Each structure stands twice: as structure tokens, then as C-alpha cells.
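Participant: Following this line is run_2.txt, made up of compact mmCIF, C-alpha atoms and all ligand atoms:
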# COMPACT_ATOMS: atom_id res chain seq x y z
CA MET R 127 28.59 -22.31 85.53
CA GLN R 128 29.33 -26.00 85.69
CA ILE R 129 26.38 -28.29 86.52
CA VAL R 130 27.86 -31.44 85.05
CA LYS R 131 29.94 -33.70 87.26
CA LYS R 132 33.24 -34.97 85.96
CA ARG R 133 32.59 -38.06 83.89
CA LYS R 134 33.27 -41.31 85.64
CA LYS R 135 36.43 -42.88 84.30
CA THR R 136 35.55 -46.10 82.55
CA ARG R 137 37.53 -48.70 80.72
CA ALA R 138 38.13 -47.69 77.09
CA ILE R 139 37.08 -50.03 74.31
CA LEU R 140 37.14 -49.72 70.54
CA VAL R 141 34.14 -50.05 68.27
CA GLY R 142 35.85 -50.11 64.90
CA ASN R 143 38.04 -47.01 65.04
CA VAL R 144 35.83 -45.17 67.54
CA GLN R 145 36.85 -45.22 71.19
CA VAL R 146 34.05 -45.58 73.71
CA GLY R 147 34.83 -44.87 77.36
CA GLY R 148 38.10 -43.76 78.91
CA SER R 149 38.86 -40.20 77.94
CA ALA R 150 36.88 -40.27 74.66
CA PRO R 151 34.04 -37.80 74.21
CA VAL R 152 30.50 -39.11 74.69
CA VAL R 153 29.81 -40.89 71.38
CA VAL R 154 26.48 -40.36 69.58
CA GLN R 155 24.96 -43.38 67.92
CA SER R 156 21.73 -44.41 66.29
CA MET R 157 20.06 -47.40 64.69
CA THR R 158 18.72 -47.80 61.19
CA ASN R 159 15.04 -48.64 60.67
CA THR R 160 15.38 -50.01 57.16
CA GLN R 161 15.34 -53.71 56.35
CA THR R 162 19.05 -54.45 56.70
CA GLU R 163 18.99 -56.80 53.73
CA ASN R 164 17.87 -53.85 51.60
CA ILE R 165 21.46 -52.71 51.17
CA GLN R 166 20.76 -49.59 49.15
CA ALA R 167 18.10 -48.23 51.52
CA THR R 168 20.24 -49.00 54.56
CA VAL R 169 23.37 -47.38 53.12
CA THR R 170 21.38 -44.29 52.08
CA GLN R 171 19.98 -43.94 55.58
CA ILE R 172 23.41 -44.41 57.17
CA HIS R 173 24.84 -41.70 54.90
CA ARG R 174 22.13 -39.29 56.11
CA LEU R 175 22.92 -40.29 59.70
CA GLN R 176 26.65 -39.79 59.17
CA GLU R 177 25.95 -36.33 57.77
CA ALA R 178 23.94 -35.52 60.90
CA GLY R 179 26.91 -36.54 63.07
CA CYS R 180 26.14 -40.18 63.89
CA GLU R 181 29.42 -41.78 64.96
CA ILE R 182 28.44 -45.44 65.30
CA ILE R 183 25.51 -47.14 63.59
CA ARG R 184 23.61 -50.22 64.68
CA VAL R 185 21.61 -52.37 62.31
CA ALA R 186 19.14 -55.13 63.08
CA VAL R 187 20.35 -58.59 62.14
CA PRO R 188 17.27 -60.81 62.43
CA ASN R 189 18.21 -63.36 59.76
CA MET R 190 21.01 -64.65 57.54
CA GLU R 191 19.98 -62.33 54.68
CA ALA R 192 20.81 -59.40 56.97
CA VAL R 193 24.14 -61.02 57.85
CA ALA R 194 24.90 -61.40 54.15
CA ALA R 195 24.22 -57.67 53.61
CA LEU R 196 26.63 -56.53 56.35
CA GLY R 197 29.80 -56.67 54.27
CA ALA R 198 28.33 -54.66 51.38
CA ILE R 199 26.90 -52.07 53.77
CA LYS R 200 30.17 -51.73 55.64
CA ALA R 201 32.09 -51.21 52.41
CA GLN R 202 29.96 -48.17 51.59
CA ILE R 203 29.96 -46.34 54.94
CA SER R 204 32.67 -44.71 57.01
CA ILE R 205 31.42 -45.25 60.56
CA PRO R 206 31.60 -48.47 62.59
CA ILE R 207 28.66 -50.83 62.36
CA ILE R 208 27.11 -52.82 65.20
CA ALA R 209 25.08 -55.94 64.51
CA ASP R 210 22.01 -56.17 66.74
CA VAL R 211 21.18 -59.80 67.39
CA HIS R 212 18.47 -61.46 69.44
CA PHE R 213 17.60 -65.09 70.13
CA ASP R 214 19.93 -66.86 67.69
CA TYR R 215 23.60 -66.97 68.65
CA ARG R 216 24.51 -68.24 65.18
CA LEU R 217 23.52 -64.87 63.74
CA ALA R 218 25.93 -63.16 66.14
CA VAL R 219 28.75 -65.51 65.18
CA ALA R 220 28.02 -65.02 61.48
CA ALA R 221 27.78 -61.22 61.88
CA ALA R 222 31.22 -61.17 63.50
CA GLU R 223 32.60 -63.19 60.60
CA ALA R 224 30.88 -60.87 58.11
CA GLY R 225 32.77 -57.85 59.45
CA ALA R 226 30.58 -56.27 62.14
CA ASP R 227 32.66 -53.94 64.34
CA CYS R 228 30.66 -54.84 67.44
CA LEU R 229 27.84 -57.14 68.43
CA ARG R 230 24.87 -56.09 70.48
CA ILE R 231 23.27 -59.01 72.22
CA ASN R 232 20.82 -59.49 75.01
CA PRO R 233 22.41 -62.44 76.78
CA GLY R 234 19.06 -63.13 78.44
CA ASN R 235 17.65 -64.31 75.14
CA ILE R 236 20.77 -65.75 73.50
CA GLY R 237 20.65 -68.88 75.64
CA SER R 238 23.02 -71.40 77.13
CA GLU R 239 26.62 -71.04 78.24
CA ARG R 240 27.73 -72.98 75.16
CA LYS R 241 26.06 -70.45 72.88
CA ILE R 242 27.51 -67.47 74.74
CA LYS R 243 30.95 -69.09 74.51
CA ALA R 244 30.57 -69.43 70.75
CA VAL R 245 29.74 -65.71 70.46
CA ILE R 246 32.70 -64.79 72.66
CA ARG R 247 35.01 -66.99 70.58
CA ALA R 248 33.88 -65.28 67.36
CA ALA R 249 34.29 -61.80 68.87
CA LYS R 250 37.76 -62.65 70.18
CA GLU R 251 38.82 -64.02 66.83
CA LYS R 252 37.69 -60.86 65.05
CA LYS R 253 38.89 -58.62 67.88
CA ILE R 254 35.56 -56.85 68.17
CA ALA R 255 33.57 -55.58 71.13
CA ILE R 256 30.21 -56.70 72.48
CA ARG R 257 27.44 -54.64 74.01
CA ILE R 258 25.49 -56.40 76.68
CA GLY R 259 22.03 -54.91 76.32
CA VAL R 260 19.81 -55.53 79.32
CA ASN R 261 16.22 -54.51 78.74
CA SER R 262 13.42 -54.32 81.31
CA GLY R 263 11.12 -56.15 78.90
CA SER R 264 13.27 -59.26 78.63
CA LEU R 265 14.64 -60.03 82.08
CA GLU R 266 15.35 -63.58 83.18
CA ARG R 267 12.45 -65.35 84.87
CA ASP R 268 14.31 -66.13 88.09
CA LEU R 269 15.06 -62.42 88.58
CA LEU R 270 11.46 -61.45 87.94
CA ARG R 271 10.44 -64.01 90.59
CA LYS R 272 13.07 -62.76 93.04
CA TYR R 273 12.23 -59.05 92.67
CA GLY R 274 8.52 -59.35 91.76
CA SER R 275 8.96 -57.23 88.62
CA ALA R 276 11.65 -55.68 86.42
CA THR R 277 12.96 -53.31 89.07
CA ALA R 278 16.18 -51.36 88.72
CA GLU R 279 17.79 -53.84 91.16
CA ALA R 280 16.67 -56.79 89.05
CA MET R 281 18.07 -55.18 85.90
CA VAL R 282 21.39 -54.47 87.62
CA GLU R 283 21.64 -58.04 88.89
CA SER R 284 20.97 -59.29 85.37
CA ALA R 285 23.66 -57.00 83.93
CA LEU R 286 26.23 -58.03 86.56
CA ARG R 287 25.45 -61.67 86.00
CA HIS R 288 26.09 -61.32 82.28
CA ILE R 289 29.22 -59.23 82.78
CA ASP R 290 30.56 -62.02 85.01
CA ARG R 291 29.82 -64.62 82.37
CA PHE R 292 31.84 -62.72 79.79
CA ARG R 293 34.67 -61.86 82.14
CA SER R 294 34.99 -65.41 83.40
CA ASN R 295 35.53 -66.33 79.75
CA ASP R 296 38.33 -63.77 79.69
CA PHE R 297 36.36 -61.36 77.50
CA HIS R 298 36.64 -57.72 78.49
CA GLU R 299 35.83 -55.66 75.38
CA LEU R 300 32.39 -54.89 76.72
CA LYS R 301 30.00 -52.02 77.02
CA VAL R 302 26.69 -52.28 78.79
CA SER R 303 23.22 -50.80 78.54
CA ILE R 304 20.44 -51.28 81.03
CA LYS R 305 17.32 -49.67 79.67
CA ALA R 306 13.74 -49.37 80.81
CA SER R 307 11.02 -47.46 78.99
CA ASP R 308 10.42 -45.10 81.89
CA VAL R 309 12.85 -42.51 83.13
CA PRO R 310 12.99 -43.18 86.90
CA ARG R 311 13.82 -46.88 86.54
CA THR R 312 16.33 -46.24 83.78
CA VAL R 313 18.15 -43.56 85.77
CA GLU R 314 18.17 -45.61 88.94
CA ALA R 315 19.41 -48.73 87.14
CA TYR R 316 22.29 -46.85 85.49
CA ARG R 317 23.23 -45.16 88.77
CA GLN R 318 23.46 -48.50 90.55
CA LEU R 319 25.28 -50.19 87.70
CA SER R 320 27.78 -47.36 87.34
CA ARG R 321 28.77 -47.83 90.99
CA LYS R 322 29.41 -51.52 90.38
CA THR R 323 31.33 -51.65 87.11
CA ASP R 324 34.06 -49.76 85.33
CA LEU R 325 32.81 -50.86 81.91
CA PRO R 326 31.72 -48.11 79.52
CA LEU R 327 27.98 -47.51 79.59
CA HIS R 328 25.69 -46.96 76.64
CA VAL R 329 22.86 -44.76 77.93
CA GLY R 330 19.35 -44.26 76.64
CA VAL R 331 15.69 -44.63 77.48
CA THR R 332 14.32 -47.51 75.45
CA GLU R 333 11.14 -47.27 73.38
CA ALA R 334 10.82 -43.65 74.47
CA GLY R 335 7.99 -42.96 72.03
CA GLY R 336 7.15 -40.39 69.36
CA LEU R 337 8.84 -37.07 68.86
CA TYR R 338 7.57 -35.09 71.87
CA PRO R 339 7.49 -37.78 74.58
CA GLY R 340 10.63 -39.34 73.16
CA ILE R 341 12.60 -36.11 73.24
CA VAL R 342 11.38 -35.22 76.73
CA LYS R 343 12.06 -38.67 78.21
CA SER R 344 15.45 -38.91 76.54
CA ALA R 345 16.49 -35.37 77.45
CA ILE R 346 15.57 -35.94 81.09
CA GLY R 347 16.82 -39.52 81.41
CA ILE R 348 20.02 -39.25 79.40
CA GLY R 349 20.53 -35.68 80.59
CA MET R 350 20.30 -36.62 84.27
CA LEU R 351 22.80 -39.43 83.83
CA LEU R 352 25.26 -37.35 81.84
CA ALA R 353 24.98 -34.55 84.40
CA GLU R 354 25.98 -37.11 87.04
CA GLY R 355 28.99 -38.14 84.99
CA ILE R 356 27.42 -41.41 83.82
CA GLY R 357 27.43 -42.46 80.17
CA ASP R 358 30.08 -42.98 77.50
CA THR R 359 27.87 -43.32 74.46
CA LEU R 360 24.21 -42.46 73.93
CA ARG R 361 21.34 -43.35 71.72
CA VAL R 362 18.13 -41.37 71.72
CA SER R 363 15.28 -43.71 70.86
CA LEU R 364 12.41 -42.19 68.85
CA THR R 365 9.58 -43.61 66.76
CA ARG R 366 10.77 -41.37 63.97
CA ASP R 367 13.42 -40.86 61.29
CA PRO R 368 16.63 -41.87 63.12
CA VAL R 369 18.30 -38.68 61.89
CA GLU R 370 16.14 -36.94 64.52
CA GLU R 371 17.69 -39.21 67.16
CA VAL R 372 21.14 -37.95 66.28
CA ARG R 373 20.02 -34.32 66.32
CA VAL R 374 18.39 -34.74 69.71
CA GLY R 375 21.49 -36.51 71.03
CA TYR R 376 23.66 -33.55 70.15
CA GLU R 377 21.11 -31.09 71.53
CA ILE R 378 21.28 -32.91 74.89
CA LEU R 379 25.09 -32.78 74.85
CA LYS R 380 25.05 -29.11 73.83
CA ALA R 381 22.51 -28.14 76.47
CA LEU R 382 24.77 -29.65 79.14
CA GLY R 383 27.89 -28.10 77.64
CA ILE R 384 29.46 -31.55 77.16
CA ARG R 385 29.98 -31.49 73.39
CA HIS R 386 29.48 -28.74 70.88
CA ARG R 387 28.60 -29.88 67.41
CA GLY R 388 26.53 -27.79 65.08
CA PRO R 389 24.76 -24.50 65.68
CA ASP R 390 23.44 -23.48 69.06
CA ILE R 391 20.49 -21.34 68.05
CA VAL R 392 18.91 -19.10 70.65
CA SER R 393 15.53 -17.77 69.56
CA CYS R 394 12.74 -16.02 71.39
CA PRO R 395 9.17 -17.34 71.56
CA THR R 396 7.93 -13.98 70.18
CA CYS R 397 5.22 -11.86 71.77
CA GLY R 398 3.14 -8.80 71.01
CA ARG R 399 6.28 -6.70 70.61
CA CYS R 400 7.53 -8.70 67.65
CA ASN R 401 7.09 -7.09 64.24
CA ILE R 402 8.96 -9.55 62.04
CA ASP R 403 8.23 -13.19 61.17
CA ILE R 404 10.63 -14.91 63.58
CA PHE R 405 8.98 -18.34 63.11
CA GLU R 406 9.71 -18.28 59.38
CA ILE R 407 13.21 -16.87 59.81
CA LEU R 408 14.09 -19.56 62.37
CA TYR R 409 12.61 -22.29 60.19
CA GLU R 410 14.67 -21.22 57.21
CA VAL R 411 17.89 -20.80 59.19
CA GLU R 412 17.46 -24.20 60.88
CA ARG R 413 16.80 -25.84 57.53
CA ALA R 414 19.86 -24.25 55.95
CA LEU R 415 22.04 -25.37 58.87
CA LEU R 416 20.70 -28.92 59.25
CA THR R 417 24.03 -30.53 58.43
CA TYR R 418 26.27 -27.72 59.68
CA ARG R 419 28.80 -29.32 62.03
CA HIS R 420 30.89 -26.53 63.54
CA PRO R 421 30.05 -25.02 66.92
CA ILE R 422 28.51 -21.60 66.38
CA LYS R 423 26.08 -19.60 68.51
CA ILE R 424 23.33 -17.79 66.62
CA ALA R 425 20.64 -15.59 68.14
CA ILE R 426 17.33 -14.90 66.40
CA MET R 427 15.34 -12.47 68.51
CA GLY R 428 12.07 -10.72 67.87
CA CYS R 429 12.69 -7.27 69.24
CA VAL R 430 15.02 -4.94 71.03
CA VAL R 431 13.89 -5.84 74.59
CA ASN R 432 16.09 -8.95 74.98
CA GLY R 433 17.16 -9.10 71.37
CA PRO R 434 20.35 -7.08 71.33
CA GLY R 435 21.44 -8.56 74.66
CA GLU R 436 21.12 -12.15 73.44
CA ALA R 437 22.38 -11.27 69.99
CA ARG R 438 25.47 -9.70 71.49
CA GLU R 439 26.41 -12.90 73.33
CA ALA R 440 26.16 -14.88 70.12
CA ASP R 441 28.74 -15.20 67.37
CA ILE R 442 26.11 -13.88 64.98
CA GLY R 443 22.66 -12.60 65.79
CA ILE R 444 19.71 -10.59 64.67
CA ALA R 445 17.26 -8.54 66.71
CA GLY R 446 14.02 -7.64 65.00
CA GLY R 447 12.74 -4.12 64.48
CA ASP R 448 9.74 -2.92 62.52
CA GLY R 449 9.90 -5.00 59.34
CA ASN R 450 13.66 -5.13 59.57
CA GLY R 451 16.40 -6.50 61.81
CA VAL R 452 19.72 -5.42 63.26
CA LEU R 453 22.63 -7.73 62.60
CA PHE R 454 25.18 -8.24 65.39
CA LYS R 455 28.55 -9.96 65.18
CA LYS R 456 30.42 -10.83 68.36
CA GLY R 457 28.61 -8.10 70.25
CA LYS R 458 28.93 -5.40 67.62
CA ILE R 459 26.12 -3.94 65.54
CA VAL R 460 26.97 -4.48 61.89
CA ARG R 461 23.98 -3.11 59.99
CA LYS R 462 20.22 -2.87 59.66
CA ILE R 463 18.66 -5.25 57.13
CA PRO R 464 15.14 -5.40 55.62
CA GLN R 465 13.19 -8.50 56.76
CA ALA R 466 13.12 -9.99 53.24
CA GLU R 467 16.94 -10.16 53.21
CA LEU R 468 17.55 -11.19 56.83
CA VAL R 469 17.92 -14.93 56.29
CA TYR R 470 20.14 -14.50 53.25
CA GLU R 471 22.39 -12.00 55.03
CA LEU R 472 22.56 -14.05 58.23
CA LEU R 473 23.60 -17.16 56.29
CA LYS R 474 26.21 -15.15 54.38
CA GLU R 475 27.66 -14.12 57.75
CA VAL R 476 27.69 -17.79 58.84
CA GLU R 477 29.60 -18.66 55.64
CA ASP R 478 32.16 -15.89 56.33
CA TYR R 479 32.47 -16.91 59.99
CA THR R 480 33.03 -20.54 58.97
CA ALA R 481 35.74 -19.54 56.51
CA SER R 482 37.56 -17.29 58.96
CA VAL R 483 37.22 -19.38 62.15
CA PHE R 484 37.14 -22.95 60.83
CA ASN R 485 38.91 -22.41 57.53
CA GLU R 486 36.14 -24.14 55.62
CA HIS R 487 34.37 -22.62 52.63
CA ILE R 488 30.73 -23.56 52.51
CA VAL R 489 27.68 -22.38 50.59
CA LEU R 490 24.40 -22.24 52.48
CA ASN R 491 21.13 -22.16 50.59
CA SER R 492 18.35 -20.00 51.94
S1 LIG Y 1 12.73 -10.77 72.44
FE1 LIG Y 1 11.09 -9.25 72.19
S2 LIG Y 1 9.65 -10.23 70.78
FE2 LIG Y 1 10.95 -11.85 71.60
S3 LIG Y 1 9.76 -12.60 73.33
FE3 LIG Y 1 11.25 -11.10 74.12
S4 LIG Y 1 10.08 -9.21 74.19
FE4 LIG Y 1 8.92 -10.60 72.87
Starting from the file, lay out its structure as C-alpha cells.
Facilitator:
Amino acid sequence: MQIVKKRKKTRAILVGNVQVGGSAPVVVQSMTNTQTENIQATVTQIHRLQEAGCEIIRVAVPNMEAVAALGAIKAQISIPIIADVHFDYRLAVAAAEAGADCLRINPGNIGSERKIKAVIRAAKEKKIAIRIGVNSGSLERDLLRKYGSATAEAMVESALRHIDRFRSNDFHELKVSIKASDVPRTVEAYRQLSRKTDLPLHVGVTEAGGLYPGIVKSAIGIGMLLAEGIGDTLRVSLTRDPVEEVRVGYEILKALGIRHRGPDIVSCPTCGRCNIDIFEILYEVERALLTYRHPIKIAIMGCVVNGPGEAREADIGIAGGDGNGVLFKKGKIVRKIPQAELVYELLKEVEDYTASVFNEHIVLNS
């Protein structure tokens, strides 16, 4: 069943060697929360993000020390890096010169035409893209006066105004975000903007909050847009380890059937019929597969009511019995396994499946 509309065709741009828009898959990105000038901490975090599947990373560039760190960071990572700059156009110019693959600026706080032109000149010279990031919290005063508050319409007018400024300077390597911290305004703003521009859109709900509210707001906001065919790259925003942002991003894409990276684990909530410790089994399997990148469907079910049915649809699955579990592979019962060995045996099957289907030999630790 297909609930996702065909993605709107947007102009393709390059962020480093990663295409955003056009026919490229929806790209998952995140942002570091280290001090950028702390090169070692930033590189370590980016490596963890890369391992989780992050395809583009953004770092804050609030000062010249951060600019100075960009080159060393870039040399140690293998995904494109975006410099996030506010207020001071000179930081954006310097970040471009230091090797950033893209600049993220909020033109509303960068200032005059002369300053914007300087940023455009630097980006053109280095052949890098720019993200115009419109944010409900920093709209221009005249638009706030005109619309009374930061409405979706006001945000769209701000975005179009900035797009025009760049295009009239013959700069087209643009992507745009238009984020509010609540879902309805964010979705409405992106819908309106998508009708008015062919530029690739970076989608997300800004300042979405901690783990639970952040995941829910992002899943609904980003999910609604993607289901409508809107969005070329996404960032889930969480007050949390950014690795979680990447995981949630892929879960949203998987749930919509848009991209399949990593395991799709189906597990039951358990009930009075369950006689094995499904919570513990799931926890251990999830932990072992945290950085697993191939698409694989795994079912972990508590009993034989829905268990075998779900397990049969999965590549590999278990359905719990009384202190033991039945292992299924592609719909076929393989064997009965005591609970104490279930995780180990399930992971062994994942290793075998990975070798035979993806031709990669891995070792998973239970
Ligand atoms: S699969 Fe079995 S144990 Fe799990 S929720 Fe359904 S009935 Fe309960």
C-alpha cells in the first residue's frame, strides 16, 4: 500500500559530494553539539554520527576559532560539512574559505545587501551551496508588523524575499528551510513554500524538545511533509545526543517506506500470554544492531497468537513459547531455542543473512 505521494521534483544541488534534491534520496543530516573549536570532541561526535548513517553534518560557527577548526575537522571526516553562521557575515566568508561544503545562514540576521553579496561571492568562488534558514523566532520586523506574528505566510514571504535576493545576484545553489517550533505552522509553511519554489527543501521542526516530544513532533511534522512529497533532506531536532536525531530520521523514512537503512524491528508490547522476557531480548538485539546499516526485517514476538504470523513476514523472527522461542527464517520454522540462547542465536542468523544477502561478514556481540 502506497500512502506517500511522489516526491516533488526539485532542483538538484551538491553539498560536497552529496546530492540534495532532484532524484537523490532524502538525505539525513544532523548537527554537532560540541564546541566546534574543540576539534577532537567534534570529530569524535561526527564519527559516531557517520556510523549511525548521518550523510551531511552541520557545525556551529559562532567565532573565528570555530572557523579555524573547520579545516582540521574536515580532514578527519568523510561526510560534507556545513558551517552554521548567524549575525556576522565575515564568519560565513571565512568558513567558505576554510573549506566548508555549504553555508547555513539566516539572511534575516546577516544584514545588509553588501554583506549578503560578500557571502554570495565567497560561495561562488568556492563553488559551494548555501542553505537559507528561515526561522519563526527571527523573522524580519516589517513582516511581523504586516502579519501580526510569525505566521506561516510571514515565514514564506521572508523565504521568498531571501531567495529573490540570492537569485538576483545570480546565485542558484540554494536549499531552503522554513521552520517553526510547532507542527501546524511548520507543515503549513513548507506546503506553501513548496508550491512557490523548485529549490530543494530541508525539512524539520525546530527546537522540537526532548526525546519524547521531539520524536513525536518530528515524526508528525516531517512525516506529514514527506508523505505529501515535500522534503529533500531532513534533520530531526532533539535536545539529546545527535546520534538519536539520525536514528529517528531513518525511523521516519522507514515507517513511510521511503528509505530502508538498518533493521526494521517489529516487536509486540507483551501481555499476560507472554512467558519470555521480550523487553530484555529486544533491548539486547537493538543494542547489538545499533550501527547495522543493511535493510533487514526482524520480528520479536511474545507468543504464538500473533508471533508466528509476524515472524513469518520477517526475514528473521522469533515467537516466544514457555521459556523458549521458535526461530523463523523467511516464513519457515527453523528450530526451537531456549530463552537463554535466543539473542545469541538470533544474532548469528543476522550475521549469516548479512553474509549471504549483502555479502558482508560481520560479528555481532550479544
Ligand atoms: S504477540 Fe502474544 S504476547 Fe505479544 S502482545 Fe500479542 S498476544 Fe501478547
Participant: In file coordinates, which residues lie within 8 Å of (26.1, -9.7, 58.5) using only C-alpha atoms, given as a list in words?
Facilitator: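 Checked against the point, the hits come out as Ile442, Leu453, Phe454, Lys455, Val460, Arg461, Glu471, Leu472, Lys474 and Glu475 of chain R.
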Participant: Rounded to one decimal place, report the atom CA of R:Glu406-atom CA of R:Gly375 distance in Å.
Facilitator: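 If I compute the distance from atom CA of R:Glu406 to atom CA of R:Gly375, I get 24.6 Å.
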Participant: Could I get the residue neighbourhood of ligand LIG 1 (chain Y) at 8 Å, counting all atoms listed in the file, as a list of chain:residue names?
Facilitator: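 My answer, listing the contacting residues, is R:Ser393, R:Cys394, R:Pro395, R:Thr396, R:Cys397, R:Gly398, R:Arg399, R:Cys400, R:Asn401, R:Met427, R:Gly428, R:Cys429, R:Val430, R:Val431, R:Asn432, R:Gly433, R:Ala445, R:Gly446.
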Participant: Interatomic distance between atom CA of R:Pro151 and atom CA of R:Thr136?
Facilitator: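 Spanning atom CA of R:Pro151 to atom CA of R:Thr136 is a straight-line distance of 11.9 Å.
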Participant: What does the distance from atom CA of R:Ala218 to atom CA of R:Leu360 come to in Å, to one decimal?
Facilitator: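 Going from atom CA of R:Ala218 over to atom CA of R:Leu360 covers 22.2 Å.
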Participant: Name all residues at most 10 Å from R:Ser262 (count all atoms listed in the file; drop same-chain ones fewer than 3 positions away) and give them as a list in words.
Facilitator: Gly259, Leu265, Glu266, Leu270, Ser275, Ala276, Thr277, Ala278, Ala280, Met281, Ser284, Ile304, Lys305, Ala306, Ser307, Asp308, Arg311, Thr312 and Thr332 of chain R
Participant: Quick one: residues within 10 Å of (34.9, -46.3, 80.3) (file frame), counting only C-alpha atoms, please, as a list in words.
Facilitator: Arg133, Lys134, Lys135, Thr136, Arg137, Ala138, Ile139, Gln145, Val146, Gly147, Gly148, Ser149, Ala150, Leu300, Lys301, Thr323, Asp324, Leu325, Pro326, Leu327, His328, Ile356, Gly357, Asp358 and Thr359 of chain R
Participant: Go through R:Ala248, R:Leu382, R:Val331, R:Ile424 and flag the residue nearest R:Ala315, using all atoms listed in the file for the distances.
Facilitator: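 Of the candidates, the smallest distance to R:Ala315 is held by R:Val331.
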Participant: Taking into account all atoms listed in the file, which residue in the set R:Val144, R:Ile384, R:Leu473, R:Ile378 is nearest to R:Lys132?
Facilitator: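 Of all the options, R:Ile384 lies closest to R:Lys132.
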Participant: Which is closest to R:Leu196 among R:Ala381, R:Leu175, R:Ala224, R:Val313, if we use all atoms listed in the file?
Facilitator: R:Ala224
Participant: Give the padded box for stretch 446-453 of chain R as AutoDock Vina command-line options: axis-aligned, covering all atoms listed in the file, 8 Å on each side, centre and edge lengths in Å to one decimal.
Facilitator:
--center_x 16.2 --center_y -5.3 --center_z 62.2 --size_x 28.9 --size_y 20.8 --size_z 21.7
Participant: Skip R:Arg287 itself and residues of its chain fewer than 2 positions away, then list as a list in words all residues within 12 Å of it, counting only C-alpha atoms.
Facilitator: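 Here the qualifying residues turn out to be Pro233, Gly234, Ile258, Val260, Leu265, Glu266, Leu269, Ala280, Met281, Val282, Glu283, Ser284, Ala285, Ile289, Asp290, Arg291, Phe292, Arg293, Ser294, Val302, Leu319, Lys322 and Thr323 of chain R.
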Participant: Can I get the selected residues back with C-alpha atoms, as a short mmCIF file (atom, residue, chain, number, x, y, z; two decimals), keeping the file's coordinate frame?
Facilitator:
data_model
loop_
_atom_site.label_atom_id
_atom_site.label_comp_id
_atom_site.auth_asym_id
_atom_site.auth_seq_id
_atom_site.Cartn_x
_atom_site.Cartn_y
_atom_site.Cartn_z
CA PRO R 233 22.41 -62.44 76.78
CA GLY R 234 19.06 -63.13 78.44
CA ILE R 258 25.49 -56.40 76.68
CA VAL R 260 19.81 -55.53 79.32
CA LEU R 265 14.64 -60.03 82.08
CA GLU R 266 15.35 -63.58 83.18
CA LEU R 269 15.06 -62.42 88.58
CA ALA R 280 16.67 -56.79 89.05
CA MET R 281 18.07 -55.18 85.90
CA VAL R 282 21.39 -54.47 87.62
CA GLU R 283 21.64 -58.04 88.89
CA SER R 284 20.97 -59.29 85.37
CA ALA R 285 23.66 -57.00 83.93
CA ILE R 289 29.22 -59.23 82.78
CA ASP R 290 30.56 -62.02 85.01
CA ARG R 291 29.82 -64.62 82.37
CA PHE R 292 31.84 -62.72 79.79
CA ARG R 293 34.67 -61.86 82.14
CA SER R 294 34.99 -65.41 83.40
CA VAL R 302 26.69 -52.28 78.79
CA LEU R 319 25.28 -50.19 87.70
CA LYS R 322 29.41 -51.52 90.38
CA THR R 323 31.33 -51.65 87.11
#
Participant: R:Arg184, R:Arg267, R:Arg247, R:Arg317: which is nearest R:Thr162, counting only C-alpha atoms?
Facilitator: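 Using only C-alpha atoms, R:Thr162 sits closest to R:Arg184.
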Participant: What's around stretch 333-347 of chain R at 7 Å? Count only C-alpha atoms, leave out sequence neighbours fewer than 6 positions away in its own chain, and write the answer as a PyMOL selection string.
Facilitator: chain R and resi 307+309+313+362-366+374+378
Participant: Looking at R:Asp367, R:Met350, R:Ser482, R:Val489, which one is nearest to R:Ala414, with distances taken over all atoms listed in the file?
Facilitator: R:Val489
Participant: Working from the structure I just supplied, which lacks atoms in stretch 409-421 of chain R, can you model N, CA and C atoms there and output them as a PDB file, in the frame of the given file?
Facilitator:
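What landed in result-v8.pdb:
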ATOM      1  N   TYR R 409      12.819 -21.078  60.990  1.00  0.00           N
ATOM      2  CA  TYR R 409      12.610 -22.290  60.190  1.00  0.00           C
ATOM      3  C   TYR R 409      13.624 -22.349  59.046  1.00  0.00           C
ATOM      4  N   GLU R 410      13.772 -21.232  58.366  1.00  0.00           N
ATOM      5  CA  GLU R 410      14.670 -21.220  57.210  1.00  0.00           C
ATOM      6  C   GLU R 410      16.144 -21.358  57.626  1.00  0.00           C
ATOM      7  N   VAL R 411      16.500 -20.709  58.724  1.00  0.00           N
ATOM      8  CA  VAL R 411      17.890 -20.800  59.190  1.00  0.00           C
ATOM      9  C   VAL R 411      18.190 -22.234  59.655  1.00  0.00           C
ATOM     10  N   GLU R 412      17.263 -22.815  60.420  1.00  0.00           N
ATOM     11  CA  GLU R 412      17.460 -24.200  60.880  1.00  0.00           C
ATOM     12  C   GLU R 412      17.612 -25.149  59.701  1.00  0.00           C
ATOM     13  N   ARG R 413      16.761 -24.959  58.703  1.00  0.00           N
ATOM     14  CA  ARG R 413      16.800 -25.840  57.530  1.00  0.00           C
ATOM     15  C   ARG R 413      18.143 -25.708  56.800  1.00  0.00           C
ATOM     16  N   ALA R 414      18.598 -24.481  56.655  1.00  0.00           N
ATOM     17  CA  ALA R 414      19.860 -24.250  55.950  1.00  0.00           C
ATOM     18  C   ALA R 414      21.052 -24.835  56.722  1.00  0.00           C
ATOM     19  N   LEU R 415      20.902 -24.922  58.048  1.00  0.00           N
ATOM     20  CA  LEU R 415      22.040 -25.370  58.870  1.00  0.00           C
ATOM     21  C   LEU R 415      21.894 -26.810  59.375  1.00  0.00           C
ATOM     22  N   LEU R 416      20.969 -27.560  58.766  1.00  0.00           N
ATOM     23  CA  LEU R 416      20.700 -28.920  59.250  1.00  0.00           C
ATOM     24  C   LEU R 416      21.950 -29.779  59.354  1.00  0.00           C
ATOM     25  N   THR R 417      22.845 -29.664  58.396  1.00  0.00           N
ATOM     26  CA  THR R 417      24.030 -30.530  58.430  1.00  0.00           C
ATOM     27  C   THR R 417      25.294 -29.736  58.785  1.00  0.00           C
ATOM     28  N   TYR R 418      25.125 -28.540  59.286  1.00  0.00           N
ATOM     29  CA  TYR R 418      26.270 -27.720  59.680  1.00  0.00           C
ATOM     30  C   TYR R 418      26.906 -28.336  60.934  1.00  0.00           C
ATOM     31  N   ARG R 419      28.222 -28.527  60.934  1.00  0.00           N
ATOM     32  CA  ARG R 419      28.800 -29.320  62.030  1.00  0.00           C
ATOM     33  C   ARG R 419      29.662 -28.523  62.996  1.00  0.00           C
ATOM     34  N   HIS R 420      30.007 -27.279  62.648  1.00  0.00           N
ATOM     35  CA  HIS R 420      30.890 -26.530  63.540  1.00  0.00           C
ATOM     36  C   HIS R 420      30.088 -25.905  64.698  1.00  0.00           C
ATOM     37  N   PRO R 421      30.757 -25.706  65.826  1.00  0.00           N
ATOM     38  CA  PRO R 421      30.050 -25.020  66.920  1.00  0.00           C
ATOM     39  C   PRO R 421      29.932 -23.533  66.609  1.00  0.00           C
TER      40      PRO R 421
END
